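Q: Supplied structure: coords.tsv, TSV, C-alpha atoms.
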chain	number	residue	atom	x	y	z
I	1	MET	CA	82.15	163.03	82.18
I	2	PHE	CA	84.22	163.52	79.02
I	3	ALA	CA	82.12	166.52	78.05
I	4	LEU	CA	82.48	168.11	81.46
I	5	ALA	CA	86.27	167.63	81.39
I	6	VAL	CA	86.66	169.06	77.88
I	7	VAL	CA	84.43	172.08	78.60
I	8	THR	CA	86.38	172.74	81.78
I	9	LEU	CA	89.69	172.64	79.89
I	10	PHE	CA	88.73	174.57	76.76
I	11	GLY	CA	85.95	176.84	77.97
I	12	ALA	CA	82.21	176.96	77.48
I	13	ARG	CA	81.72	177.89	73.83
I	14	LEU	CA	79.57	176.63	71.01
I	15	GLU	CA	82.66	175.35	69.18
I	16	THR	CA	83.64	173.25	72.20
I	17	VAL	CA	80.18	171.68	72.43
I	18	ILE	CA	80.22	170.88	68.70
I	19	ALA	CA	83.69	169.32	69.01
I	20	ILE	CA	82.53	167.18	71.95
I	21	VAL	CA	79.54	165.91	70.00
I	22	ILE	CA	81.65	165.13	66.93
I	23	ILE	CA	84.38	163.36	68.90
I	24	THR	CA	81.91	161.20	70.81
I	25	THR	CA	79.69	160.21	67.86
I	26	ILE	CA	82.10	159.73	64.93
I	27	PRO	CA	83.45	156.33	66.09
I	28	THR	CA	79.94	154.88	66.06
I	29	TYR	CA	79.40	155.96	62.46
I	30	GLY	CA	82.76	154.52	61.46
I	31	ARG	CA	81.89	151.17	63.03
I	32	VAL	CA	78.53	151.05	61.24
I	33	VAL	CA	80.08	151.88	57.86
I	34	ARG	CA	82.83	149.31	58.36
I	35	ALA	CA	80.41	146.58	59.46
I	36	GLN	CA	78.04	147.24	56.56
I	37	THR	CA	80.89	147.31	54.06
I	38	LEU	CA	82.37	144.07	55.36
I	39	SER	CA	78.99	142.36	55.28
I	40	LEU	CA	78.43	143.49	51.68
I	41	LYS	CA	81.96	142.66	50.52
I	42	ASN	CA	81.03	139.12	49.47
I	43	ALA	CA	77.46	139.86	48.38
I	44	GLU	CA	76.46	138.51	44.98
I	45	PHE	CA	76.05	141.91	43.34
I	46	VAL	CA	79.54	142.98	44.46
I	47	VAL	CA	81.08	139.73	43.22
I	48	ALA	CA	79.22	140.20	39.92
I	49	GLY	CA	80.58	143.74	39.65
I	50	ARG	CA	84.11	142.45	40.22
I	51	SER	CA	83.61	139.73	37.60
I	52	PHE	CA	82.65	142.43	35.09
I	53	SER	CA	85.92	144.15	36.10
I	54	LEU	CA	84.22	147.27	37.45
I	55	GLY	CA	86.54	149.61	39.31
I	56	ILE	CA	86.60	149.72	43.09
I	57	SER	CA	85.26	153.28	43.10
I	58	ARG	CA	82.34	152.27	40.89
I	59	ILE	CA	81.50	149.30	43.14
I	60	LEU	CA	81.71	151.51	46.22
I	61	LEU	CA	79.56	154.31	44.78
I	62	VAL	CA	76.95	152.25	42.97
I	63	HIS	CA	76.63	149.12	45.09
I	64	ILE	CA	77.99	149.64	48.61
I	65	LEU	CA	77.13	153.30	49.34
I	66	PRO	CA	73.36	152.98	48.76
I	67	ASN	CA	73.29	150.06	51.19
I	68	VAL	CA	75.24	151.98	53.83
I	69	VAL	CA	73.21	155.21	53.68
I	70	GLY	CA	70.08	153.69	55.25
I	71	PRO	CA	71.72	152.53	58.48
I	72	LEU	CA	73.59	155.85	58.71
I	73	LEU	CA	70.35	157.82	58.41
I	74	ILE	CA	68.78	155.67	61.10
I	75	LEU	CA	71.77	156.13	63.38
I	76	ALA	CA	71.84	159.89	62.80
I	77	SER	CA	68.16	160.29	63.58
I	78	MET	CA	68.58	158.21	66.74
I	79	ASP	CA	71.62	160.26	67.81
I	80	ILE	CA	69.91	163.64	67.47
I	81	PRO	CA	68.01	163.29	70.80
I	82	ALA	CA	71.25	162.40	72.58
I	83	VAL	CA	73.04	165.38	71.05
I	84	ILE	CA	70.21	167.70	72.06
I	85	ALA	CA	70.30	166.29	75.60
I	86	ILE	CA	74.09	166.73	75.82
I	87	GLU	CA	73.89	170.35	74.74
I	88	ALA	CA	70.93	171.13	77.00
I	89	GLY	CA	72.58	169.42	79.96
I	90	LEU	CA	75.85	171.29	79.51
I	91	SER	CA	74.01	174.59	79.07
I	92	TYR	CA	71.86	173.91	82.12
I	93	LEU	CA	75.02	173.44	84.17
I	94	GLY	CA	76.44	176.65	82.75
I	95	LEU	CA	79.10	174.80	80.75
I	96	GLY	CA	77.44	174.91	77.32
I	97	VAL	CA	76.74	177.82	75.05
I	98	ARG	CA	76.64	181.22	76.66
I	99	PRO	CA	73.79	183.72	76.46
I	100	PRO	CA	72.63	185.45	74.25
I	101	THR	CA	72.87	182.23	72.19
I	102	PRO	CA	69.54	180.47	72.75
I	103	SER	CA	69.61	177.07	74.40
I	104	TRP	CA	66.95	174.99	76.10
I	105	GLY	CA	69.39	174.27	78.91
I	106	ASN	CA	69.90	177.99	79.56
I	107	MET	CA	66.14	178.53	79.46
I	108	LEU	CA	65.57	175.71	81.97
I	109	ASN	CA	68.24	177.13	84.25
I	110	ASP	CA	66.65	180.58	84.07
I	111	GLY	CA	63.23	179.04	84.73
I	112	TYR	CA	64.40	177.37	87.92
I	113	THR	CA	65.47	180.76	89.22
I	114	PHE	CA	61.85	181.95	89.06
I	115	ILE	CA	60.09	178.64	89.80
I	116	ARG	CA	58.27	180.00	92.85
I	117	ASN	CA	56.76	182.87	90.84
I	118	SER	CA	55.86	181.04	87.64
I	119	GLN	CA	56.18	177.45	86.54
I	120	TRP	CA	55.51	178.33	82.91
I	121	LEU	CA	59.13	179.24	82.28
I	122	ILE	CA	60.14	175.64	82.95
I	123	ILE	CA	57.18	174.17	81.07
I	124	GLY	CA	57.81	176.50	78.12
I	125	SER	CA	61.41	175.36	77.74
I	126	GLY	CA	61.13	171.75	78.94
I	127	LEU	CA	58.13	170.68	76.86
I	128	PRO	CA	59.67	171.58	73.48
I	129	LEU	CA	62.85	169.78	74.54
I	130	ILE	CA	60.90	166.64	75.38
I	131	LEU	CA	58.74	166.80	72.25
I	132	THR	CA	61.72	167.36	69.96
I	133	THR	CA	63.73	164.46	71.36
I	134	LEU	CA	60.66	162.22	71.31
I	135	GLY	CA	59.90	163.25	67.71
I	136	PHE	CA	63.41	162.41	66.51
I	137	THR	CA	63.22	159.07	68.33
I	138	PHE	CA	60.00	158.25	66.48
I	139	LEU	CA	61.60	159.39	63.22
I	140	GLY	CA	64.51	157.02	63.82
I	141	GLU	CA	62.15	154.14	64.53
I	142	SER	CA	60.19	154.89	61.36
I	143	LEU	CA	63.36	155.07	59.28
I	144	ARG	CA	64.48	151.77	60.75
I	145	ASP	CA	61.17	150.21	59.71
I	146	VAL	CA	61.56	151.60	56.18
I	147	PHE	CA	65.23	150.73	55.62
I	148	ASP	CA	65.50	147.39	57.44
I	149	PRO	CA	64.93	144.63	54.87
I	150	LYS	CA	64.09	142.11	57.61
I	151	LEU	CA	61.05	144.19	58.65
I	152	ARG	CA	59.70	144.87	55.15
I	153	GLY	CA	57.65	141.70	54.86
I	154	SER	CA	56.37	141.66	58.45
I	155	ALA	CA	54.10	144.72	58.31
Let me see the structure of the file written as structure tokens.
A:
Amino acid sequence: MFALAVVTLFGARLETVIAIVIITTIPTYGRVVRAQTLSLKNAEFVVAGRSFSLGISRILLVHILPNVVGPLLILASMDIPAVIAIEAGLSYLGLGVRPPTPSWGNMLNDGYTFIRNSQWLIIGSGLPLILTTLGFTFLGESLRDVFDPKLRGSA
């Protein structure tokens, strides 16, 4: 609903779709970084770094950042299918990017115009959309298995 309202107010352009995606996903990344940082704040290696009087920037870059990157990569790979679906949905409704910029939503919309003549237009644009979102979902699950320390010993 937010995306539809923003596109209606500011127009259907690629910049508007990018802004919608950024505005809706950034708070999630901020919460993950904050939660990870707070959970690592009293970890033994951070306390040891403070006892050796390391600077805050050094502790953040060397100790905290590597532990935050994994969950961020997982979250990003899990958000890619949602971002693709948002863009395709807006373009299908005619509120996303405008032709001649290629979009799976525009291709699906064009395919439904000629559905009685040929179903391949819909299959040709819908199947890659499904496979891409499914592939990024599997990538996110694989990254979660690699980066989650709780799952390392179970496999």
Q: Got a sec: who's within 7 Å of stretch 115-127 of chain I, counting only C-alpha atoms, leaving out chain neighbours fewer than 6 positions off, as a ChimeraX atom specification?
A: /I:104,107-108
Q: Take the residues from that selection and write them out as a PDB file, in the coordinates of the input, keeping C-alpha atoms.
A:
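To be explicit, this is the file written out as selection.pdb:
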ATOM      1  CA  TRP I 104      66.950 174.990  76.100  1.00  0.00           C
ATOM      2  CA  MET I 107      66.140 178.530  79.460  1.00  0.00           C
ATOM      3  CA  LEU I 108      65.570 175.710  81.970  1.00  0.00           C
TER       4      LEU I 108
END
Q: Which one is closest to I:Pro128: I:Ala12, I:Val17, I:Ile84, I:Val97? Count all atoms listed in the file.
A: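 Nearest to I:Pro128: I:Ile84.
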Q: Please compute the atom CA of I:Gly30-atom CA of I:Arg144 distance, one decimal, in Å.
A: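 So the two atoms, atom CA of I:Gly30 and atom CA of I:Arg144, lie 18.5 Å apart.
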Q: Could you tell me which of I:Gly140, I:Pro102, I:Gly135, I:Gly70 comes closest to I:Leu14 if we count all atoms listed in the file?
A: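 Looking only at the distances to I:Leu14, the closest residue turns out to be I:Pro102.
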Q: Quick one: pull the distance between atom CA of I:Val69 and atom CA of I:Arg50, Å, one decimal.
A: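 Straight-line distance from atom CA of I:Val69 to atom CA of I:Arg50 works out to 21.5 Å.
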Q: Given the choices I:Gln36, I:Ser77, I:Ser53, I:Asn106, which gets closest to I:Tyr92 if the distance is worked out from only C-alpha atoms?
A: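 When distances to I:Tyr92 are compared using only C-alpha atoms, the smallest one comes from I:Asn106.
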Q: Between I:Val7, I:Arg13, I:Ile26, I:Ala85, which is the closest to I:Pro99 once you count all atoms listed in the file?
A: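 So, comparing all the options, the nearest one is I:Arg13.
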